[in-house]
Every structure is written in structure tokens, then in C-alpha cells.
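**Q** Pasting in a structure now, in C-alpha cells, and then I'll have a few things to ask.
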Amino acid sequence: MFITAACVDPVLDRPYIDADRPGTTTDPASGVTVHYRYVHGGFSGTSARFSLYFPAPGQYRGRFFQSTYPTVTQEDAAPEAITFAISNGSYMVSTNNGGGITSAGEIGPYRVNAAAAKYSRTVAARIYRTPARPRGYLYGASGGAYQTLGGLENSRGVWDGGVPMVPGVPNSIPSSMTAQLLASRVLRDKLPQIAEAVAPGGSGDP
């Protein structure tokens with residue numbers, strides 16, 4: 001099924017919200033803490049669920065990020081994804097892939113993600129009191145890269161861009177990692193100086 005911004009998915013056509021409350025998340029790796037408005041819901045008649053995380057109006061920059069991974073079966077986003085989105089003026093969209101793509105059937109690979117992304121704009125318009133359309137970006141690594149590619153190839157007007165990271169294909173390693181690994185090997189004795197040069201306050205000349 002090809003998804004457009006204006007179409008109505010015949011299976012995912014009855015969104016509902018069952019939680020709307022303040023939330024706080026701390027990324028254990030970075031120690032960054034963010035505050036947001038948490039909205040949880042799903043699509044009636046299915047096992048599809050979503051979680052939305054909205055920054056305060058003063059932080060919001062008119063966009064959302066949406067992460068995906070095929071083995072995810074619960075809709076709450078990872079702390080690092082939430083803190084990344086909120087810290088960058090974006091709201092976060094996360095789904096459970098309809099309960100997992102192995103059991104969700106045809107709606108699992110990209111349709112649940114698309115339906116949640118589209119409905120999130122309706123919720124954002126209500127929260128931020130603006131008709132401006134939020135720009136949306138889908139991303140995922142490995143299997144999530146396949147979901148990102150599949151979502152972008154099978155839709156129009158749902159997302160404005162995507163980042164499929166390290167898709168599991170034979171050319172991923174030579175295409176995606178060889179240059180970085182070679183740089184790490186050849187420049188290993190100079191890496192601290194390079195990092196210092198490109199850090200804030202550095203010379204800017206690596």
C-alpha cells in the first residue's frame with residue numbers, strides 16, 4: 001500500500017489517546033534531562049500503539065524525529081532518542097510496529113509508523129496552536145534502516161527525509177566504515193590533536 005499525506009489507511013483509521021501528561025527523561029549515558037508533554041495512544045481494532053513526546057512551545061522548532069527498529073514491540077522511545085529530539089527542538093514519535101513486524105502482518109513494516117507520523121501532526125497542531133505542518137524525519141539502523149527505506153519508498157508527504165544507517169547489505173561495511181577505520185588507523189597518534197582543533201574554541205584546522 002502506498003501511503004500519502006492525504007490518504008486514510010483503512011486499518012489504521014481510528015486513532016485514540018489514552019494518556020496525556022507531563023514527562024521527564026534522563027539519558028543515562030550523557031546525563032541530559034529533558035521535560036516534555038507525553039501523549040500515548042494507538043489505533044482502535046489493532047495492536048498498534050504510539051508514544052509522542054512534545055517539547056515546550058518555547059523550545060519547539062516545527063519538526064519531529066521518529067526512530068524505528070523491526071524487533072521493537074513496545075512503543076516507548078529510548079531515553080537517548082527522547083533527549084536528542086527534545087534537546088533539538090523536535091518532538092519524538094515512536095511506535096510498537098503494531099506489536100512487532102513478525103506478528104503485525106502487512107501493517108508492521110511501515111504503515112504503523114506512517115499512521116503515527118501523520119496523526120502526530122494533528123496532535124501537534126492542537127498543542128502548539130498552529131496550522132504549520134511539522135517537518136518529519138524517520139531514521140533507523142541495521143534493520144531499522146530497511147524500515148526507513150521502505151517507509152520512504154512507499155509513501156509521499158509523510159516524512160520529509162530519512163537516515164537509513166548501516167543497512168545490512170554486502171556493501172555496507174566497505175561503503176560506510178572503511179574510510180573511518182582507515183582514518184582511525186593512520187591518524188591514531190594524531191586523533192587527540194584533531195579533536196582539539198575541531199572542538200569549540202579550537203583552531204578549526206584539523
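Letters A, B, ... mark the chains of the C-alpha cells in the order given; residue numbers begin at 1 per chain; ligand numbers begin at 1, in order shown.
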Could you give me the residues within range 101-173 of chain A that DSSP places in strand (DSSP E), as JSON, numbers by chain?

**A** {"A": [135, 136, 137, 138, 139, 140, 141, 155, 156, 161, 162, 163, 164, 165]}

**Q** Any idea what's packed within 6 Å of range 69-84 of chain A, counting only C-alpha atoms, ignoring anything in its chain fewer than 3 positions away? Could you give it as a compact mmCIF listing (two decimals) with all heavy atoms, in the first residue's frame?

**A**
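Final output, around33.txt:
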```txt
# COMPACT_ATOMS: atom_id res chain seq x y z
N ASP A 27 18.88 10.84 29.97
CA ASP A 27 19.71 9.91 29.22
C ASP A 27 20.84 9.44 30.14
O ASP A 27 21.67 10.25 30.56
CB ASP A 27 20.28 10.61 27.99
CG ASP A 27 21.22 9.72 27.18
OD1 ASP A 27 21.34 8.53 27.50
OD2 ASP A 27 21.82 10.22 26.22
N VAL A 34 15.47 16.02 30.10
CA VAL A 34 14.55 16.84 29.32
C VAL A 34 13.13 16.69 29.89
O VAL A 34 12.79 15.66 30.48
CB VAL A 34 14.55 16.46 27.82
CG1 VAL A 34 15.88 16.81 27.18
CG2 VAL A 34 14.22 14.99 27.62
N PHE A 50 1.36 4.06 19.91
CA PHE A 50 2.36 5.09 19.69
C PHE A 50 2.59 5.89 20.95
O PHE A 50 1.72 5.98 21.83
CB PHE A 50 1.96 6.04 18.54
CG PHE A 50 0.64 6.72 18.74
CD1 PHE A 50 0.51 7.83 19.58
CD2 PHE A 50 -0.49 6.27 18.07
CE1 PHE A 50 -0.71 8.46 19.75
CE2 PHE A 50 -1.72 6.89 18.25
CZ PHE A 50 -1.83 7.99 19.09
N SER A 51 3.77 6.48 21.04
CA SER A 51 4.12 7.43 22.10
C SER A 51 4.67 8.68 21.44
O SER A 51 5.50 8.58 20.52
CB SER A 51 5.16 6.84 23.06
OG SER A 51 4.62 5.79 23.82
N SER A 87 16.04 18.02 23.00
CA SER A 87 17.17 18.96 23.09
C SER A 87 17.37 19.73 21.78
O SER A 87 17.98 20.79 21.77
CB SER A 87 18.46 18.22 23.43
OG SER A 87 18.39 17.62 24.70
N SER A 94 7.27 7.55 18.35
CA SER A 94 7.74 6.18 18.50
C SER A 94 6.55 5.24 18.45
O SER A 94 5.49 5.55 19.00
CB SER A 94 8.50 6.03 19.83
OG SER A 94 9.04 4.73 19.96
N THR A 95 6.70 4.09 17.80
CA THR A 95 5.61 3.10 17.73
C THR A 95 6.10 1.72 18.14
O THR A 95 7.30 1.50 18.29
CB THR A 95 5.01 2.99 16.31
OG1 THR A 95 5.88 2.18 15.49
CG2 THR A 95 4.81 4.37 15.67
N ASN A 96 5.15 0.82 18.30
CA ASN A 96 5.48 -0.57 18.61
C ASN A 96 5.43 -1.46 17.38
O ASN A 96 5.36 -2.69 17.49
CB ASN A 96 4.54 -1.10 19.69
CG ASN A 96 3.12 -1.32 19.17
OD1 ASN A 96 2.74 -0.77 18.13
ND2 ASN A 96 2.32 -2.08 19.90
N GLY A 99 2.93 -4.16 17.36
CA GLY A 99 3.17 -5.32 18.21
C GLY A 99 4.36 -6.14 17.77
O GLY A 99 4.63 -7.20 18.30
N GLY A 100 5.09 -5.62 16.77
CA GLY A 100 6.24 -6.32 16.22
C GLY A 100 5.95 -6.75 14.80
O GLY A 100 4.87 -7.29 14.52
N GLY A 143 18.36 -3.17 10.77
CA GLY A 143 17.01 -3.48 10.32
C GLY A 143 16.13 -2.24 10.26
O GLY A 143 15.22 -2.15 9.43
N GLY A 144 16.40 -1.28 11.15
CA GLY A 144 15.66 -0.02 11.11
C GLY A 144 15.97 0.78 9.85
O GLY A 144 15.15 1.58 9.40
```

**Q** Can you list, as JSON, numbers by chain, every protein, DNA or RNA residue that comes within 9 Å of range 21-24 of chain A when you count only C-alpha atoms, leaving out same-chain residues fewer than 5 positions away?

**A** {"A": [33, 34, 35, 36, 37, 38, 39, 53]}

**Q** Would you export the selected residues with C-alpha atoms as a short mmCIF file (atom, residue, chain, number, x, y, z; two decimals), in the first residue's frame, please?

**A**
```cif
data_model
loop_
_atom_site.label_atom_id
_atom_site.label_comp_id
_atom_site.auth_asym_id
_atom_site.auth_seq_id
_atom_site.Cartn_x
_atom_site.Cartn_y
_atom_site.Cartn_z
CA THR A 33 17.48 15.59 31.40
CA VAL A 34 14.55 16.84 29.32
CA HIS A 35 10.95 17.74 30.12
CA TYR A 36 8.09 17.25 27.71
CA ARG A 37 4.42 16.53 27.25
CA TYR A 38 3.85 12.80 26.87
CA VAL A 39 0.94 11.61 24.70
CA TYR A 53 6.97 13.46 23.27
#
```

**Q** Give the answer as one residue: which of A:Leu181, A:Ala115, A:Leu12, A:Val198 has the shortest atom-to-atom distance to Ser155 in chain A, using only C-alpha atoms?

**A**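 For Ser155 in chain A, the nearest of the given residues is A:Ala115.
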
**Q** From the list A:Pro55, A:Gly168, A:Gly151, A:Gly140, which residue is nearest Met92 in chain A when using only C-alpha atoms?

**A**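 Nearest to Met92 in chain A: A:Pro55.
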
**Q** I'd like the contact shell of Phe43 in chain A - 12 Å cut-off, only C-alpha atoms, skipping same-chain residues fewer than 4 positions apart - returned as a VMD selection string.

**A** chain A and resid 9 to 18 47 to 51 95 to 99 107 111 to 113 115 to 116 119

**Q** Leaving out Asp205 in chain A and any residue of its chain fewer than 6 positions from it, which residues lie within 10 Å of it when counting only C-alpha atoms, given as a list in words?

**A**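 Close residues of Asp205 in chain A: Ile194, Glu196, Ala197 and Val198 of chain A.
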
**Q** So which bits of range 34-200 of chain A end up helix (DSSP H, G or I) when you DSSP the backbone, as a VMD selection string?

**A** chain A and resid 79 to 87 101 to 107 111 to 128 143 to 153 172 to 186 191 to 198

**Q** Calculated over only C-alpha atoms, which of the candidates A:Gly89, A:Gly136, A:Pro109, A:Pro28 has the smallest distance to Asn154 in chain A?

**A**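 Selected residue with least distance to Asn154 in chain A: A:Pro109.
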
**Q** Between A:Arg156, A:Arg63, A:Lys190, A:Arg185, single out the one closest to Arg133 in chain A, counting only C-alpha atoms.

**A**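 Of A:Arg156, A:Arg63, A:Lys190, A:Arg185, the one nearest Arg133 in chain A is A:Arg63, counting only C-alpha atoms.
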
**Q** With only C-alpha atoms as the basis for distance, which of A:Ala117, A:Phe2, A:Ile86, A:Glu106 is at the shortest distance from Thr26 in chain A?

**A**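 Closest residue, counting only C-alpha atoms: A:Ile86.
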